[in-house]
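Novice: Have a look at this one before I ask anything.
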Amino acid sequence: MIRNIITSTLLSLSVLSYAQIPVNNTCVTATTLTYNGVCVNGTNTGANIVSDGISVAPSCFSTSGGQTDWNESVWYSIIVPAGQTGLIINVTAGTLAAASMALYSGSCGTLTQITCADNTLILAAPSLVPGTYFLMLDGNAATDGTFCIAAQSPLPPIGICSNPRDLYLAGDCNNLVGSFYDEQNNILSTNTTTGNDGGASMSSIQYLNFVEQSCGGTDVGQQGYWVRFKATSSSINVANYGGAGYDYSLYTGTPANSFCTAGLTPAGCLTVVAGDLTGNTLATANGRTYYLLITPSGTGTASTAYACLTAATSFQPTNDNCANAIPMNFGTAYNLTTSNATVDIASTLCSGTTENNIWSYYQATYTGIAYVFLQDQDCACPNGTQMSIYNANTGCPTASSGCSVTLNPNNDNDFSGQFNVVNGSTYYIQLDGFAGCGCSFNLCINTVNSADCSMLLLPVEITDLNLYCENNKATLKWSTESELNSSHFEIQKSADGIEFDNIGTVNAAGNSNHTINYEFTDNNNTTGYQYYRIKEVDTDNQFYLSKIMTLDCGNDSETFSVYPNPGKGVFNVNSLSDGNLSVYNSIGTIVFFKNCQEGKSELDLEQLEDGIYYIRLDGQSSSMLKKIMIRR
């Protein structure tokens, strides 16, 4: 490669043998990442060590062969917008297997390190003020390669009402058994001897308007921690391992908004003093899902929650055995857990020693590469989950099935993998807690290398796929930008998002290179949330499935829909009643308000930054909440 080498007196040409230096080799030439924007392709191949802009060297980078291990680093800049309080950096591995990353504040030349992560594909900085930040990314242990990188808002903190901690009832509070972790996740403090390992931090959100249960006092204005569980017997016992007294307020129902100000009904309340582990029972109905709010029993507004929930009958996952494996569809994130799972006969085929494995399977609808993502782990220990995917089989794997892929990161970070699939073949997925660690998590499969499972690749280019209520009936509208050998679209409906039935057919154009609009209305109105998807069938009978969408058109007094979603800023609102429409940002601040009239209207939010927002319609008798995304 020919480079210009400029000295103080002359310009000469030299032929150099090393790779081209990336444009973002320095802080001052950093590539901009859009907050909550698309994944940006990058590489650190050819990068060389440049010390400009580093006032604090990366504190966590490992070394290889005695080298300074940021000699192949590249730079990115990110603006955290107003209203946001944190940042997640996600790196999708291309040829770069793992990265080392350091996040800085300040400006090039006067940078201050905020956080550092080594040998990982994710960096979390949940407590940032709005402003500009710089990221140094280097291949772990002096490696280089390609990757895709994105800057995203942090996930909602576990323990708030809209994202409660899922606990799974067990018969005891022992999270440690010898050298292995017990197969459960029913405790907020993993040290049952002293109860002083940190527990669960209560949310900074003050509960001013939730359905109050006093427990002999008042919780209004205090901070708290939300737990969700499914009852397995007629009562639960609440053990308090903390150093202070807490109120444990039990609720039934489903939150109607992100703040739990509606939708929940009180079901009982306990005040438990510090260290009281037994005799604290709350009545439950077997099989019912409950929400539990933990708050200080005194007048404090901030504390740490400690609790262990037990029952006479332990929770057990429905997919504990391969014979009960859960079928998976593209476009759906499945919330699963290994808590209290047992070992079945096929447990050691790929992953090695297993203690608490569960099963899913995927029946391929095309031939090519499938991508699997495991995210948002909530574990009783830091070891996390391991995954095995078995070669195509007609039934549960055997010793001769063979392993398509084995993923064993030995931590509780997000991870992903890929495997080759053949149309019509079935692939079994085994998930096991590493060393018996009890974890809950989200699992999804995609046709493209994107953790956003709504981003699917179909043989026809479908755009503007929308589902909304119109005249109390569910209507699907979609468009195709191009079609090749398409036969028809089958409209499928499900009550549980797993088993689907065909409810109608729409003929396809066959072949086209221009936009074609399609529409289907479900005239069989059903009460409660229903799931819909589109099955596109080719002329050779190969088929592809769209993402799964859900809607409830059974409430004829308050139902409303918002589309398109995601949108670029201008949305259509279809409301079946008058009401007040409020738009909240991710931290609960109202950023837009208007009066909403029955029928269709336009909602212009172009002034807002890209990101996730919540739209609440307050009608005469109830409130409904929708989540939308602005993505330009």
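Each chain in the structure tokens gets a letter, A, B, ..., in the order shown, and its residues are numbered from 1; ligands are numbered from 1 in order too.
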Can you tell me which residues surround Ile358 in chain A at a distance of at most 6 Å, considering only C-alpha atoms, apart from same-chain residues fewer than 2 positions away, and format the answer as a list in words?
Specialist: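 Once the adjacent positions are removed, what remains is Asn319, Asp320, Gln430 and Leu431 of chain A.
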Novice: Measure the distance from CA of Ala311 in chain A to CA of Asn383 in chain A in Å and round it to one decimal.
Specialist: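 Interatomic distance, CA of Ala311 in chain A to CA of Asn383 in chain A: 25.8 Å.
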Novice: Write out as a ChimeraX atom specification the residues lying within 12 Å of range 522-525 of chain A, counting only C-alpha atoms and excluding same-chain residues fewer than 2 positions away.
Specialist: /A:467-477,491-493,502-505,519-520,527-532,551-556
Novice: Which of these residues is nearest to Thr447 in chain A, using only C-alpha atoms: A:Thr394, A:Thr254, A:Phe373, A:Asn411?
Specialist: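 Under the stated criterion, the closest residue is A:Phe373.
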Novice: Please identify the strand (DSSP E) residues within range 267-432 of chain A (assignment by DSSP from backbone atoms) and present them as a count of residues only.
Specialist: 72
Novice: Which neighbours of Gly417 in chain A fall inside 8 Å, counting only C-alpha atoms, when residues of the same chain fewer than 6 positions from it are skipped, and could you give them as a list in words?
Specialist: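 Within the cut-off, the hits are Tyr371, Val372, Phe373, Val405 and Leu407 of chain A.
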Novice: Generate the output file for the selected residues, N, CA and C atoms, as a PDB file, in the first residue's frame.
Specialist:
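Written out: again_28.pdb:
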ATOM      1  N   TYR A 371     -29.779 -17.993  13.575  1.00  0.00           N
ATOM      2  CA  TYR A 371     -29.043 -17.338  14.654  1.00  0.00           C
ATOM      3  C   TYR A 371     -29.861 -17.443  15.936  1.00  0.00           C
ATOM      4  N   VAL A 372     -29.208 -17.849  17.016  1.00  0.00           N
ATOM      5  CA  VAL A 372     -29.889 -18.003  18.301  1.00  0.00           C
ATOM      6  C   VAL A 372     -29.275 -17.032  19.300  1.00  0.00           C
ATOM      7  N   PHE A 373     -30.116 -16.401  20.119  1.00  0.00           N
ATOM      8  CA  PHE A 373     -29.677 -15.383  21.070  1.00  0.00           C
ATOM      9  C   PHE A 373     -30.225 -15.707  22.454  1.00  0.00           C
ATOM     10  N   VAL A 405     -23.840 -27.132  17.651  1.00  0.00           N
ATOM     11  CA  VAL A 405     -23.075 -26.058  18.283  1.00  0.00           C
ATOM     12  C   VAL A 405     -23.181 -26.210  19.797  1.00  0.00           C
ATOM     13  N   LEU A 407     -22.338 -23.792  23.238  1.00  0.00           N
ATOM     14  CA  LEU A 407     -21.975 -22.465  23.731  1.00  0.00           C
ATOM     15  C   LEU A 407     -21.892 -22.538  25.251  1.00  0.00           C
TER      16      LEU A 407
END
Novice: From the set A:Gln363, A:Thr313, A:Thr342, A:Asn44, which residue has the shortest atom-to-atom contact distance to Phe330 in chain A, counting only C-alpha atoms?
Specialist: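 Distance minimum relative to Phe330 in chain A lands on A:Gln363.
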Novice: Can you list, as an MDAnalysis selection string, every protein, DNA or RNA residue that comes within 9 Å of Gly438 in chain A when you count only C-alpha atoms, leaving out same-chain residues fewer than 2 positions away?
Specialist: chainID A and resid 181:185 337:341 356 378:381 384:385 432:434 436 440
Novice: List the neighbours of Thr278 in chain A out to 9 Å using only C-alpha atoms; skip same-chain residues closer than 3 positions along the sequence, and give me the result as a ChimeraX atom specification.
Specialist: /A:237-240,281
Novice: Find the distance between CA of Pro296 in chain A and CA of Met202 in chain A and write it in Å to one decimal.
Specialist: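 If I compute the distance from CA of Pro296 in chain A to CA of Met202 in chain A, I get 9.7 Å.
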Novice: Using only C-alpha atoms, which protein or nucleic acid residues come within 9 Å of Asp540 in chain A? Drop anything in the same chain fewer than 5 positions from it, and give the result as a ChimeraX atom specification.
Specialist: /A:485-487
Novice: Would you output that residue set with C-alpha atoms, as a PDB file, in the first residue's frame?
Specialist:
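File part.pdb, as written:
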ATOM      1  CA  ASN A 485     -42.331 -16.864  -7.094  1.00  0.00           C
ATOM      2  CA  SER A 486     -44.729 -16.092  -4.244  1.00  0.00           C
ATOM      3  CA  SER A 487     -47.961 -18.116  -4.143  1.00  0.00           C
TER       4      SER A 487
END
Novice: Work out how far CA of Phe61 in chain A is from CA of Ser105 in chain A, in Å to one decimal.
Specialist: 18.0 Å
Novice: Can you work out which one of A:Ala370, A:Leu167, A:Met629, A:Ala262 has the shortest atom-to-atom distance to Leu292 in chain A, counting only C-alpha atoms?
Specialist: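 Nearest candidate to Leu292 in chain A out of A:Ala370, A:Leu167, A:Met629, A:Ala262: A:Leu167.
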Novice: Could you check which of A:Thr406, A:Asn321, A:Asn466, A:Thr539 is closest to Asn572 in chain A, using only C-alpha atoms?
Specialist: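 Using only C-alpha atoms, Asn572 in chain A sits closest to A:Asn466.
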Novice: I need the residue nearest Tyr306 in chain A from this list: A:Ala141, A:Leu465, A:Leu282, A:Val272. Use only C-alpha atoms for the distance.
Specialist: A:Val272
Novice: What are the nearest atom pairs, with distances in Å to one decimal, for all residues of range 70-98 of chain A that come at most 6 Å from range 118-127 of chain A, using only C-alpha atoms, set out by chain and rising residue number as JSON lines?
Specialist:
{"residue": "A:Thr85", "atom": "CA", "partner": "A:Ser127", "partner_atom": "CA", "distance": 5.6}
{"residue": "A:Gly86", "atom": "CA", "partner": "A:Pro126", "partner_atom": "CA", "distance": 4.1}
{"residue": "A:Leu87", "atom": "CA", "partner": "A:Ala125", "partner_atom": "CA", "distance": 5.2}
{"residue": "A:Ile88", "atom": "CA", "partner": "A:Ala124", "partner_atom": "CA", "distance": 4.7}
{"residue": "A:Ile89", "atom": "CA", "partner": "A:Leu123", "partner_atom": "CA", "distance": 5.0}
{"residue": "A:Asn90", "atom": "CA", "partner": "A:Ile122", "partner_atom": "CA", "distance": 4.7}
{"residue": "A:Val91", "atom": "CA", "partner": "A:Leu121", "partner_atom": "CA", "distance": 4.9}
{"residue": "A:Ala98", "atom": "CA", "partner": "A:Thr120", "partner_atom": "CA", "distance": 5.3}
